[in-house]
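Here is the structure we will look at.
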Amino acid sequence: MSENRVRWDKAVDALEALYKDVERRSFSLPTFSLSPFAIYVWNVIKFNVCLLLDMLLFLPMNAIIFVRNLLPGRWRYRSFSGSYWKYVITWLWRGEAPVFPFGVIRPLVTFMGSVHVYNRFQTIARCIYLDDTLTEEDRTDLNKKVAAALDHWRRPTMVQVVFSYVLPAGGFLIGVYNKFFPAELPQWVGFVGFLLLGYAITFVTSAFMFKRSLMLGASGRALYFPGAISGNQGYGKEREILDSVGIKTREWPFDIALVFIFFVIGLVQSLGMERVQMLVADAIEVATDVMLPVLALYRRRTTGRS
């Protein structure tokens, strides 16, 4: 067996083992749950309480600590809301989209994972075909292994594509069209567009985030919040395996792209506002809405979490 054949065999086997582990851990997700949203709301409530306490007590409390630290020994300066700010900064610094997960629909998460795996094995199949150093027998054997993997992680069905891409895109297009030509659309169409946008924001984006958590090595409730997961785990292994056979590829930042789309929708909806109102508050909001996704995309690439 040639050295090149051995290299391809190891890559295909290692990649299949990695994706099997990802799929096994996906079963730790509930079929349907709004737990991520409940956890988020509870933490927002706690953050607001802690922020209020900081507004009242931060200066006097830390002034006392400062005076105390003039004596031998040292006390740590305190902030009630500091851990929450640190969590948000860490979330963005690890390259995660500036949006919270809403709810779990496990079949949608499975679809996102299947698309990822299917695209990787399709790329491998093309590269095997283009590798002239392989004999025809080696190429046939490798194609059988790749075909077996593709038979399990099959091409997405039309229903899956509609629920994951067409419906969210439909909501965006309806929203933009309704803004410029409101008289040409019946009221119920605008309402449907609003529902589709809500579906995209809540469940489609969340499903992609949970898929990222699976690729980052998490399981159980840890899957709900990819920004809390350190390292690049599965992404690092995947990149190492593909590099061994000369394949360079990265995950498309679907969640960050959706955040940009929602930003565009908000910007379009604000076009009818008076110019004076756009000068200060809206300028800050626009800058924030643009910079946070850009920061997340930059950090995702520099940390190798894609």
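Within each chain, counting starts at residue 1; across the structure tokens, chains are named A, B, ... in the order shown, with ligands numbered 1 upward in that order.
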Inset, instruction - Could you give me, as a list in words, the residues within 12 Å of Thr133 (chain A), counting only C-alpha atoms and dropping anything in the same chain fewer than 4 positions from it? - result: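 Skipping anything fewer than 4 positions along the chain leaves Ser2, Glu3, Asn4, Arg5, Arg7, Trp8, Cys127, Ile128, Tyr129, Glu137, Asp138 and Arg139 of chain A.
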Would you put the residues from that selection into a file with N, CA, C and O atoms, as a compact mmCIF listing (two decimals), in the first residue's frame?
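selection_9.txt was written with the following content:
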# COMPACT_ATOMS: atom_id res chain seq x y z
N SER A 2 0.62 2.17 -0.89
CA SER A 2 1.45 3.36 -1.02
C SER A 2 1.30 4.28 0.19
O SER A 2 0.30 4.24 0.91
N GLU A 3 2.33 5.12 0.38
CA GLU A 3 2.30 6.06 1.50
C GLU A 3 1.15 7.05 1.36
O GLU A 3 0.52 7.44 2.35
N ASN A 4 0.88 7.46 0.13
CA ASN A 4 -0.21 8.41 -0.10
C ASN A 4 -1.57 7.79 0.23
O ASN A 4 -2.45 8.44 0.79
N ARG A 5 -1.74 6.50 -0.11
CA ARG A 5 -2.99 5.81 0.21
C ARG A 5 -3.18 5.72 1.72
O ARG A 5 -4.28 5.91 2.24
N ARG A 7 -2.02 7.76 3.92
CA ARG A 7 -2.35 9.11 4.40
C ARG A 7 -3.83 9.40 4.22
O ARG A 7 -4.49 9.93 5.12
N TRP A 8 -4.38 9.07 3.06
CA TRP A 8 -5.80 9.28 2.81
C TRP A 8 -6.67 8.41 3.71
O TRP A 8 -7.70 8.85 4.23
N CYS A 127 -11.13 15.76 -3.99
CA CYS A 127 -9.67 15.77 -3.91
C CYS A 127 -9.09 14.39 -4.21
O CYS A 127 -8.00 14.29 -4.80
N ILE A 128 -9.78 13.34 -3.80
CA ILE A 128 -9.33 11.98 -4.14
C ILE A 128 -9.34 11.78 -5.65
O ILE A 128 -8.41 11.21 -6.23
N TYR A 129 -10.37 12.26 -6.28
CA TYR A 129 -10.48 12.13 -7.73
C TYR A 129 -9.35 12.89 -8.44
O TYR A 129 -8.83 12.45 -9.47
N GLU A 137 -7.08 1.45 -8.20
CA GLU A 137 -7.58 0.58 -7.14
C GLU A 137 -7.69 1.33 -5.82
O GLU A 137 -8.69 1.21 -5.10
N ASP A 138 -6.65 2.13 -5.49
CA ASP A 138 -6.68 2.92 -4.26
C ASP A 138 -7.84 3.92 -4.29
O ASP A 138 -8.55 4.10 -3.31
N ARG A 139 -8.02 4.56 -5.44
CA ARG A 139 -9.08 5.55 -5.57
C ARG A 139 -10.46 4.90 -5.39
O ARG A 139 -11.34 5.45 -4.74
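Residues surrounding region 14-25 of chain A within 8 Å are A:Thr110, A:Gly113, A:Val117, A:Ala149, A:Leu214, A:Met215, A:Gly217, A:Ala218, A:Ser219, A:Gly220, A:Gly234, A:Lys237, A:Glu238, A:Ile241 [only C-alpha atoms; sequence separation below 6 positions excluded].
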Inset, instruction - Name the closest residue to Pro293 (chain A) among the candidates A:Gly95, A:Gly227, A:Pro101, A:Gly236; distances are taken between atoms, counting only C-alpha atoms. - result: A:Gly95
Legend entry - For Thr123 (chain A): contacts at 12 Å, only C-alpha atoms, fewer than 4 positions along chain excluded, given as an MDAnalysis selection string: chainID A and resid 12 116:119 127:130 143 146 150 242 245:250
Could you please take those selected residues and save N, CA and C atoms as a PDB file, in the first residue's frame?
ATOM      1  N   VAL A  12      -9.499   9.894   6.296  1.00  0.00           N
ATOM      2  CA  VAL A  12     -10.921   9.550   6.205  1.00  0.00           C
ATOM      3  C   VAL A  12     -11.404   8.890   7.492  1.00  0.00           C
ATOM      4  N   HIS A 116     -22.589  20.274   7.455  1.00  0.00           N
ATOM      5  CA  HIS A 116     -21.157  20.459   7.692  1.00  0.00           C
ATOM      6  C   HIS A 116     -20.379  19.210   7.271  1.00  0.00           C
ATOM      7  N   VAL A 117     -20.818  18.051   7.759  1.00  0.00           N
ATOM      8  CA  VAL A 117     -20.102  16.800   7.475  1.00  0.00           C
ATOM      9  C   VAL A 117     -20.192  16.458   5.988  1.00  0.00           C
ATOM     10  N   TYR A 118     -21.373  16.605   5.411  1.00  0.00           N
ATOM     11  CA  TYR A 118     -21.571  16.276   4.001  1.00  0.00           C
ATOM     12  C   TYR A 118     -20.629  17.094   3.117  1.00  0.00           C
ATOM     13  N   ASN A 119     -20.518  18.389   3.402  1.00  0.00           N
ATOM     14  CA  ASN A 119     -19.640  19.248   2.596  1.00  0.00           C
ATOM     15  C   ASN A 119     -18.181  18.835   2.724  1.00  0.00           C
ATOM     16  N   CYS A 127     -11.132  15.762  -3.989  1.00  0.00           N
ATOM     17  CA  CYS A 127      -9.668  15.773  -3.912  1.00  0.00           C
ATOM     18  C   CYS A 127      -9.086  14.392  -4.214  1.00  0.00           C
ATOM     19  N   ILE A 128      -9.781  13.340  -3.804  1.00  0.00           N
ATOM     20  CA  ILE A 128      -9.325  11.982  -4.137  1.00  0.00           C
ATOM     21  C   ILE A 128      -9.342  11.779  -5.649  1.00  0.00           C
ATOM     22  N   TYR A 129     -10.370  12.261  -6.276  1.00  0.00           N
ATOM     23  CA  TYR A 129     -10.477  12.134  -7.733  1.00  0.00           C
ATOM     24  C   TYR A 129      -9.352  12.887  -8.440  1.00  0.00           C
ATOM     25  N   LEU A 130      -8.963  14.044  -7.874  1.00  0.00           N
ATOM     26  CA  LEU A 130      -7.950  14.879  -8.504  1.00  0.00           C
ATOM     27  C   LEU A 130      -6.526  14.484  -8.140  1.00  0.00           C
ATOM     28  N   ASN A 143     -12.998   5.786  -2.360  1.00  0.00           N
ATOM     29  CA  ASN A 143     -14.332   6.286  -2.704  1.00  0.00           C
ATOM     30  C   ASN A 143     -15.432   5.472  -2.030  1.00  0.00           C
ATOM     31  N   VAL A 146     -15.653   6.824   1.503  1.00  0.00           N
ATOM     32  CA  VAL A 146     -16.295   8.134   1.509  1.00  0.00           C
ATOM     33  C   VAL A 146     -17.786   7.992   1.209  1.00  0.00           C
ATOM     34  N   LEU A 150     -20.996   9.297   3.312  1.00  0.00           N
ATOM     35  CA  LEU A 150     -22.019  10.157   2.707  1.00  0.00           C
ATOM     36  C   LEU A 150     -23.401   9.509   2.743  1.00  0.00           C
ATOM     37  N   LEU A 242      -7.613  17.539   7.843  1.00  0.00           N
ATOM     38  CA  LEU A 242      -7.725  17.984   6.454  1.00  0.00           C
ATOM     39  C   LEU A 242      -6.402  18.543   5.938  1.00  0.00           C
ATOM     40  N   VAL A 245      -3.993  16.106   4.252  1.00  0.00           N
ATOM     41  CA  VAL A 245      -4.205  15.712   2.856  1.00  0.00           C
ATOM     42  C   VAL A 245      -4.302  16.949   1.950  1.00  0.00           C
ATOM     43  N   GLY A 246      -3.833  18.070   2.453  1.00  0.00           N
ATOM     44  CA  GLY A 246      -3.736  19.269   1.631  1.00  0.00           C
ATOM     45  C   GLY A 246      -5.037  20.006   1.394  1.00  0.00           C
ATOM     46  N   ILE A 247      -6.016  19.853   2.285  1.00  0.00           N
ATOM     47  CA  ILE A 247      -7.301  20.525   2.122  1.00  0.00           C
ATOM     48  C   ILE A 247      -7.396  21.682   3.112  1.00  0.00           C
ATOM     49  N   LYS A 248      -7.673  22.876   2.596  1.00  0.00           N
ATOM     50  CA  LYS A 248      -7.849  24.063   3.422  1.00  0.00           C
ATOM     51  C   LYS A 248      -9.302  24.500   3.323  1.00  0.00           C
ATOM     52  N   THR A 249     -10.001  24.485   4.419  1.00  0.00           N
ATOM     53  CA  THR A 249     -11.407  24.906   4.406  1.00  0.00           C
ATOM     54  C   THR A 249     -11.796  25.431   5.771  1.00  0.00           C
ATOM     55  N   ARG A 250     -12.779  26.296   5.794  1.00  0.00           N
ATOM     56  CA  ARG A 250     -13.297  26.857   7.044  1.00  0.00           C
ATOM     57  C   ARG A 250     -14.819  26.831   7.028  1.00  0.00           C
TER      58      ARG A 250
END
